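Trainee: For reference, this is protein_31.csv, and it has CSV, C-alpha atoms.
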```
chain,number,residue,atom,x,y,z
Q,229,MET,CA,16.3,25.0,-38.4
Q,230,THR,CA,19.0,22.5,-38.0
Q,231,GLU,CA,18.9,19.4,-40.1
Q,232,HIS,CA,20.3,16.1,-38.8
Q,233,ALA,CA,22.1,13.7,-41.1
Q,234,THR,CA,20.0,10.6,-41.6
Q,235,GLY,CA,22.2,8.8,-44.1
Q,236,ASP,CA,23.9,5.5,-43.5
Q,237,HIS,CA,27.3,7.1,-43.3
Q,238,ALA,CA,26.8,9.8,-40.8
Q,239,PRO,CA,30.0,11.7,-39.8
Q,240,GLY,CA,31.8,10.2,-36.9
Q,241,SER,CA,29.8,7.0,-37.0
Q,242,HIS,CA,31.4,3.5,-37.6
Q,243,ARG,CA,30.0,0.4,-39.1
Q,244,ALA,CA,29.3,-2.3,-36.6
Q,245,PRO,CA,31.4,-5.4,-37.2
Q,246,ALA,CA,29.6,-8.3,-38.8
Q,247,PRO,CA,29.0,-11.3,-36.5
Q,248,ARG,CA,31.5,-14.0,-37.0
Q,249,ARG,CA,30.2,-17.2,-38.4
Q,250,GLY,CA,30.7,-20.5,-36.6
Q,251,SER,CA,33.8,-22.4,-37.6
Q,252,SER,CA,33.3,-25.5,-39.8
Q,253,PRO,CA,34.0,-29.0,-38.5
Q,254,LEU,CA,37.0,-29.2,-40.9
Q,255,SER,CA,38.5,-26.1,-39.5
Q,256,ARG,CA,38.0,-27.3,-35.9
Q,257,ALA,CA,39.6,-30.6,-36.8
Q,258,ARG,CA,42.6,-28.7,-38.3
Q,259,ALA,CA,42.9,-26.8,-35.1
Q,260,LEU,CA,43.3,-29.9,-33.0
Q,261,PRO,CA,46.9,-31.0,-32.1
Q,262,PRO,CA,48.3,-33.9,-34.2
Q,263,TRP,CA,48.5,-36.3,-31.3
Q,264,SER,CA,44.7,-36.1,-30.7
Q,265,LEU,CA,44.0,-37.3,-34.3
Q,266,LEU,CA,46.5,-40.1,-33.8
Q,267,ALA,CA,44.9,-41.2,-30.5
Q,268,ALA,CA,41.4,-41.1,-32.1
Q,269,GLY,CA,42.6,-43.4,-34.9
Q,270,VAL,CA,44.2,-45.8,-32.5
Q,271,LEU,CA,41.0,-46.0,-30.4
Q,272,ALA,CA,38.8,-46.5,-33.5
Q,273,GLY,CA,41.1,-49.2,-34.8
Q,274,GLY,CA,41.0,-51.0,-31.5
Q,275,LEU,CA,37.2,-50.9,-31.3
Q,276,LEU,CA,36.8,-52.2,-34.9
Q,277,GLY,CA,39.4,-55.0,-34.3
Q,278,GLY,CA,37.8,-56.0,-31.1
Q,279,GLY,CA,34.3,-56.0,-32.6
Q,280,TYR,CA,35.5,-58.2,-35.5
Q,281,GLY,CA,36.9,-60.7,-33.0
Q,282,VAL,CA,33.6,-60.8,-31.2
Q,283,VAL,CA,31.3,-61.4,-34.2
Q,284,ARG,CA,33.7,-63.7,-36.1
Q,285,THR,CA,33.0,-67.5,-35.8
Q,286,PRO,CA,35.7,-69.2,-33.7
Q,287,THR,CA,37.9,-71.8,-35.3
Q,288,TYR,CA,39.1,-75.0,-33.7
Q,289,THR,CA,42.1,-77.1,-34.7
Q,290,ALA,CA,42.9,-80.8,-34.0
Q,291,THR,CA,45.9,-82.8,-35.1
Q,292,SER,CA,46.5,-86.5,-35.5
Q,293,TYR,CA,49.9,-88.1,-35.9
Q,294,VAL,CA,51.0,-91.2,-37.8
Q,295,VAL,CA,54.5,-92.6,-38.0
Q,296,ALA,CA,56.3,-94.6,-40.7
Q,297,VAL,CA,57.8,-97.8,-39.4
Q,298,PRO,CA,60.3,-99.8,-41.6
Q,299,THR,CA,59.9,-103.6,-41.8
Q,300,GLU,CA,62.7,-106.2,-41.6
Q,301,ARG,CA,63.5,-105.6,-45.3
Q,302,SER,CA,63.8,-101.8,-45.0
Q,303,ASP,CA,65.7,-99.2,-42.9
Q,304,PRO,CA,64.9,-95.9,-41.1
Q,305,ALA,CA,66.1,-93.8,-44.1
Q,306,THR,CA,63.6,-95.5,-46.4
Q,307,ALA,CA,60.9,-94.9,-43.8
Q,308,LEU,CA,61.7,-91.3,-43.6
Q,309,GLY,CA,61.5,-90.9,-47.4
Q,310,PHE,CA,58.1,-92.6,-47.5
Q,311,ALA,CA,56.8,-90.5,-44.7
Q,312,GLN,CA,57.5,-87.4,-46.9
Q,313,ALA,CA,55.6,-89.1,-49.7
Q,314,TYR,CA,52.7,-90.1,-47.5
Q,315,GLY,CA,52.4,-86.5,-46.2
Q,316,ARG,CA,51.9,-85.3,-49.8
Q,317,ALA,CA,49.4,-88.1,-50.6
Q,318,ALA,CA,47.2,-87.5,-47.6
Q,319,THR,CA,45.3,-84.7,-49.2
Q,320,GLN,CA,44.8,-86.6,-52.5
Q,321,LEU,CA,41.4,-87.7,-53.7
Q,322,ALA,CA,42.1,-91.4,-53.2
Q,323,VAL,CA,42.7,-90.9,-49.5
Q,324,LEU,CA,40.0,-88.2,-48.9
Q,325,GLY,CA,37.4,-90.4,-50.7
Q,326,ASP,CA,37.8,-93.0,-47.9
Q,327,ALA,CA,38.1,-90.5,-45.1
Q,328,GLN,CA,34.8,-88.8,-46.0
Q,329,VAL,CA,32.9,-91.9,-44.9
Q,330,TRP,CA,34.4,-91.8,-41.4
Q,331,ALA,CA,34.3,-88.0,-41.1
Q,332,GLY,CA,30.8,-87.6,-42.4
Q,333,VAL,CA,31.6,-84.6,-44.5
Q,334,PRO,CA,32.1,-84.1,-48.3
Q,335,VAL,CA,35.5,-84.4,-49.9
Q,336,ALA,CA,35.5,-80.7,-50.7
Q,337,THR,CA,35.3,-79.9,-47.0
Q,338,LEU,CA,38.2,-82.2,-46.2
Q,339,ARG,CA,40.2,-80.7,-49.0
Q,340,SER,CA,39.8,-77.2,-47.7
Q,341,SER,CA,40.0,-78.0,-44.0
Q,342,VAL,CA,42.8,-80.6,-43.7
Q,343,ARG,CA,46.6,-79.9,-43.9
Q,344,THR,CA,49.6,-82.2,-43.5
Q,345,ALA,CA,53.1,-81.5,-42.3
Q,346,THR,CA,56.2,-83.7,-42.2
Q,347,SER,CA,59.6,-83.4,-40.6
Q,348,PRO,CA,63.0,-83.8,-42.4
Q,349,ASP,CA,64.4,-85.7,-39.4
Q,350,VAL,CA,61.5,-87.8,-38.0
Q,351,PRO,CA,59.4,-90.2,-40.1
Q,352,MET,CA,56.1,-88.8,-38.9
Q,353,VAL,CA,53.1,-87.2,-40.6
Q,354,ALA,CA,50.9,-84.6,-38.8
Q,355,VAL,CA,47.3,-84.4,-40.1
Q,356,THR,CA,45.7,-81.2,-38.9
Q,357,ALA,CA,42.0,-80.3,-39.4
Q,358,THR,CA,40.2,-77.0,-38.7
Q,359,SER,CA,36.5,-76.4,-38.2
Q,360,ALA,CA,34.0,-74.2,-36.4
Q,361,ARG,CA,33.0,-77.3,-34.4
Q,362,PRO,CA,35.7,-78.8,-32.1
Q,363,ASP,CA,34.3,-82.4,-32.4
Q,364,LEU,CA,34.3,-82.2,-36.2
Q,365,ALA,CA,37.9,-81.0,-36.3
Q,366,ALA,CA,39.0,-84.0,-34.3
Q,367,ASP,CA,36.8,-86.4,-36.4
Q,368,MET,CA,38.3,-85.1,-39.7
Q,369,ALA,CA,41.9,-85.3,-38.6
Q,370,ASN,CA,41.4,-88.9,-37.3
Q,371,ALA,CA,39.5,-89.9,-40.4
Q,372,VAL,CA,42.2,-88.7,-42.8
Q,373,ALA,CA,44.9,-90.3,-40.6
Q,374,ARG,CA,43.0,-93.6,-40.6
Q,375,ALA,CA,42.5,-93.6,-44.4
Q,376,LEU,CA,46.2,-92.8,-45.0
Q,377,THR,CA,47.2,-95.7,-42.7
Q,378,ARG,CA,45.0,-98.0,-44.6
Q,379,HIS,CA,46.4,-97.0,-48.0
Q,380,ALA,CA,49.9,-97.4,-46.7
Q,381,GLY,CA,49.1,-100.9,-45.5
Q,382,ASP,CA,47.8,-101.9,-48.9
Q,383,THR,CA,51.3,-101.2,-50.4
Q,384,ALA,CA,53.4,-102.3,-47.4
Q,385,LYS,CA,54.6,-105.4,-49.3
Q,386,ALA,CA,56.0,-103.3,-52.0
Q,387,THR,CA,57.4,-100.4,-50.0
Q,388,HIS,CA,58.5,-102.4,-46.9
Q,389,VAL,CA,57.2,-99.4,-44.8
Q,390,GLU,CA,54.1,-99.4,-42.7
Q,391,LEU,CA,52.1,-96.5,-41.1
Q,392,GLU,CA,51.0,-96.8,-37.6
Q,393,GLN,CA,48.8,-94.5,-35.4
Q,394,PHE,CA,51.1,-92.5,-33.1
Q,395,ALA,CA,48.6,-90.1,-31.5
Q,396,ARG,CA,44.9,-89.6,-32.1
Q,397,ALA,CA,43.4,-86.2,-32.4
Q,398,THR,CA,41.4,-85.1,-29.4
Q,399,GLU,CA,38.6,-82.5,-29.2
Q,400,PRO,CA,40.2,-79.1,-28.6
Q,401,ALA,CA,39.0,-77.3,-25.5
Q,402,GLU,CA,39.8,-73.7,-26.8
Q,403,PRO,CA,39.6,-72.1,-30.2
Q,404,SER,CA,42.8,-71.6,-32.2
Q,405,SER,CA,41.6,-68.4,-33.7
Q,406,ALA,CA,42.6,-65.0,-32.3
Q,407,SER,CA,40.6,-63.7,-29.3
Q,408,PRO,CA,38.8,-60.3,-29.4
Q,409,ALA,CA,41.6,-58.8,-27.3
Q,410,VAL,CA,44.3,-59.9,-29.8
Q,411,THR,CA,42.2,-58.6,-32.8
Q,412,GLY,CA,41.6,-55.3,-31.0
Q,413,LEU,CA,45.3,-54.9,-30.4
Q,414,VAL,CA,46.1,-55.7,-34.0
Q,415,GLY,CA,43.5,-53.1,-35.1
Q,416,ALA,CA,44.9,-50.4,-32.8
Q,417,SER,CA,48.5,-51.1,-33.9
Q,418,ALA,CA,47.6,-50.9,-37.6
Q,419,SER,CA,45.6,-47.7,-37.1
Q,420,GLY,CA,48.4,-46.2,-35.1
Q,421,LEU,CA,50.9,-47.0,-37.8
Q,422,LEU,CA,48.8,-45.5,-40.6
Q,423,GLY,CA,48.1,-42.5,-38.5
Q,424,GLY,CA,51.8,-42.0,-37.8
Q,425,LEU,CA,52.6,-42.2,-41.5
Q,426,ALA,CA,49.9,-39.7,-42.3
Q,427,LEU,CA,51.3,-37.3,-39.8
Q,428,LEU,CA,54.8,-37.6,-41.4
Q,429,VAL,CA,53.6,-36.9,-44.9
Q,430,ARG,CA,51.1,-34.1,-44.1
Q,431,PRO,CA,52.0,-30.6,-45.1
Q,432,ARG,CA,53.7,-28.4,-42.5
Q,433,ARG,CA,52.3,-25.1,-41.4
Q,434,GLY,CA,54.2,-22.2,-42.9
Q,435,PRO,CA,55.0,-18.8,-41.3
Q,436,ASP,CA,51.6,-17.4,-42.6
Q,437,GLY,CA,49.7,-20.0,-40.4
Q,438,ARG,CA,48.3,-21.9,-43.3
Q,439,GLY,CA,48.9,-25.5,-44.3
Q,440,ARG,CA,51.5,-24.6,-46.9
Q,441,PRO,CA,54.9,-22.9,-46.7
Q,442,ALA,CA,55.1,-19.1,-47.3
Q,443,ALA,CA,55.7,-18.1,-50.9
Q,444,LEU,CA,59.3,-17.3,-51.9
Q,445,PRO,CA,60.4,-14.8,-54.6
Q,446,SER,CA,61.1,-16.4,-58.0
Q,447,PRO,CA,64.8,-16.6,-59.1
Q,448,ALA,CA,64.1,-14.1,-61.9
Q,449,LEU,CA,62.7,-11.5,-59.5
Q,450,ALA,CA,65.6,-12.0,-57.1
Q,451,GLY,CA,68.1,-11.4,-60.0
Q,452,ASP,CA,66.3,-8.2,-61.0
Q,453,THR,CA,66.5,-6.9,-57.5
Q,454,ARG,CA,70.2,-7.5,-57.3
Q,455,GLY,CA,70.8,-5.8,-60.7
Q,456,ALA,CA,68.9,-2.7,-59.5
Q,457,LEU,CA,71.1,-2.4,-56.5
```
Represent the supplied structure as structure tokens.

Mentor:
Amino acid sequence: MTEHATGDHAPGSHRAPAPRRGSSPLSRARALPPWSLLAAGVLAGGLLGGGYGVVRTPTYTATSYVVAVPTERSDPATALGFAQAYGRAATQLAVLGDAQVWAGVPVATLRSSVRTATSPDVPMVAVTATSARPDLAADMANAVARALTRHAGDTAKATHVELEQFARATEPAEPSSASPAVTGLVGASASGLLGGLALLVRPRRGPDGRGRPAALPSPALAGDTRGAL
């Protein structure tokens, strides 16, 4: 009677290969070409930047101008010097305290929303106000310019320089803040720059196909090999 081998390792038989497990998301990401990760980062940055531009409250800017005029007992150089001084005094409490009555907002709002600028060549003061409302931006700029002109008039006999309204601030038709297209472009550019830097500093694939260079023999081992020869 012939017996048949019933063991797991019968002669001539081979073990069936184990099924290969599915690759992990990390390994699939490593297999992608570098430019695809860079493109994905640029797209994500553009979407985030554009979304920020959509949800952000728009800002409006209005500017009022006053000019320093010398009297008969003064000269243009003196008027230019006082224009610089009035530009610094426009955001002081004495001026803003009067301006809040005409603007209808607290002094703290005027202090944070109003900025002034002067020119080294022209005796003019630019009073700029920003707000989420276009009408309020114009009102704040005109109120500060009016208060500054009034304070300059109170001291005109001593300074021999007067401030006069040159141009009133008008209600802006468009916001001065960046549009969603601009914020999206900025986000895409920043993401592309960061992605490019990440690609430059990432480890290169070595000859063994891994993310590190192949191992080299140590100097001591190399010296022993030369001595044996």

Trainee: List the residues sitting within 12 Å of (50.4, -99.6, -46.8) in the file's frame, using all atoms listed in the file, as a ChimeraX atom specification.

Mentor: /Q:295-299,307,310-311,314,323,374-392

Trainee: Write the residues you've just listed into a file as a PDB file, keeping the file's coordinate frame, and include C-alpha atoms for each of them.

Mentor:
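Saved the output as result02.pdb:
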```
ATOM      1  CA  VAL Q 295      54.500 -92.600 -38.000  1.00  0.00           C
ATOM      2  CA  ALA Q 296      56.300 -94.600 -40.700  1.00  0.00           C
ATOM      3  CA  VAL Q 297      57.800 -97.800 -39.400  1.00  0.00           C
ATOM      4  CA  PRO Q 298      60.300 -99.800 -41.600  1.00  0.00           C
ATOM      5  CA  THR Q 299      59.900-103.600 -41.800  1.00  0.00           C
ATOM      6  CA  ALA Q 307      60.900 -94.900 -43.800  1.00  0.00           C
ATOM      7  CA  PHE Q 310      58.100 -92.600 -47.500  1.00  0.00           C
ATOM      8  CA  ALA Q 311      56.800 -90.500 -44.700  1.00  0.00           C
ATOM      9  CA  TYR Q 314      52.700 -90.100 -47.500  1.00  0.00           C
ATOM     10  CA  VAL Q 323      42.700 -90.900 -49.500  1.00  0.00           C
ATOM     11  CA  ARG Q 374      43.000 -93.600 -40.600  1.00  0.00           C
ATOM     12  CA  ALA Q 375      42.500 -93.600 -44.400  1.00  0.00           C
ATOM     13  CA  LEU Q 376      46.200 -92.800 -45.000  1.00  0.00           C
ATOM     14  CA  THR Q 377      47.200 -95.700 -42.700  1.00  0.00           C
ATOM     15  CA  ARG Q 378      45.000 -98.000 -44.600  1.00  0.00           C
ATOM     16  CA  HIS Q 379      46.400 -97.000 -48.000  1.00  0.00           C
ATOM     17  CA  ALA Q 380      49.900 -97.400 -46.700  1.00  0.00           C
ATOM     18  CA  GLY Q 381      49.100-100.900 -45.500  1.00  0.00           C
ATOM     19  CA  ASP Q 382      47.800-101.900 -48.900  1.00  0.00           C
ATOM     20  CA  THR Q 383      51.300-101.200 -50.400  1.00  0.00           C
ATOM     21  CA  ALA Q 384      53.400-102.300 -47.400  1.00  0.00           C
ATOM     22  CA  LYS Q 385      54.600-105.400 -49.300  1.00  0.00           C
ATOM     23  CA  ALA Q 386      56.000-103.300 -52.000  1.00  0.00           C
ATOM     24  CA  THR Q 387      57.400-100.400 -50.000  1.00  0.00           C
ATOM     25  CA  HIS Q 388      58.500-102.400 -46.900  1.00  0.00           C
ATOM     26  CA  VAL Q 389      57.200 -99.400 -44.800  1.00  0.00           C
ATOM     27  CA  GLU Q 390      54.100 -99.400 -42.700  1.00  0.00           C
ATOM     28  CA  LEU Q 391      52.100 -96.500 -41.100  1.00  0.00           C
ATOM     29  CA  GLU Q 392      51.000 -96.800 -37.600  1.00  0.00           C
TER      30      GLU Q 392
END
```

Trainee: Of the candidates Q:Pro348, Q:Gln393, Q:Thr306, Q:Thr398, which one gets nearest to Q:Ala366 if we count all atoms listed in the file?

Mentor: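 Answer, going by the shortest atom-to-atom distance: Q:Thr398.
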
Trainee: Using all atoms listed in the file, which residue out of Q:Ser347, Q:Leu271, Q:Gly309, Q:Tyr288 lies closest to Q:Pro400?

Mentor: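 For Q:Pro400, the nearest of the given residues is Q:Tyr288.
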
Trainee: What gap, in Å, lies between atom CA of Q:Leu324 and atom CA of Q:Arg339?

Mentor: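 Interatomic distance, atom CA of Q:Leu324 to atom CA of Q:Arg339: 7.5 Å.
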
Trainee: Figure out the distance between atom CA of Q:Val350 and atom CA of Q:Ser302, please, to one decimal in Å.

Mentor: 15.8 Å

Trainee: Expressed in Å to a single decimal, how great is the separation between atom CA of Q:Ala318 and atom CA of Q:Arg301?

Mentor: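 We find that atom CA of Q:Ala318 and atom CA of Q:Arg301 lie 24.5 Å from each other.
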
Trainee: From the list Q:Val329, Q:Ala267, Q:Ala360, Q:Met352, which residue is nearest Q:Glu402 when using all atoms listed in the file?

Mentor: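 Between Q:Val329, Q:Ala267, Q:Ala360, Q:Met352, the residue approaching Q:Glu402 most closely is Q:Ala360.
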
Trainee: What lies within 10 Å of Q:Leu321 using all atoms listed in the file, ignoring chain neighbours under 6 positions off, as a ChimeraX atom specification?

Mentor: /Q:327,335-336,338-339

Trainee: Which of these, Q:Ala365, Q:Ala373, Q:Ala313, Q:Ala345, has the shortest distance to Q:Val333 once you count only C-alpha atoms?

Mentor: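 Closest residue, counting only C-alpha atoms: Q:Ala365.
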
Trainee: Quick one: residues within 12 Å of Q:Pro362, all atoms listed in the file, excluding same-chain residues fewer than 5 positions away - as number ranges by chain?

Mentor: Q: 286-291, 357, 367-369, 397-404
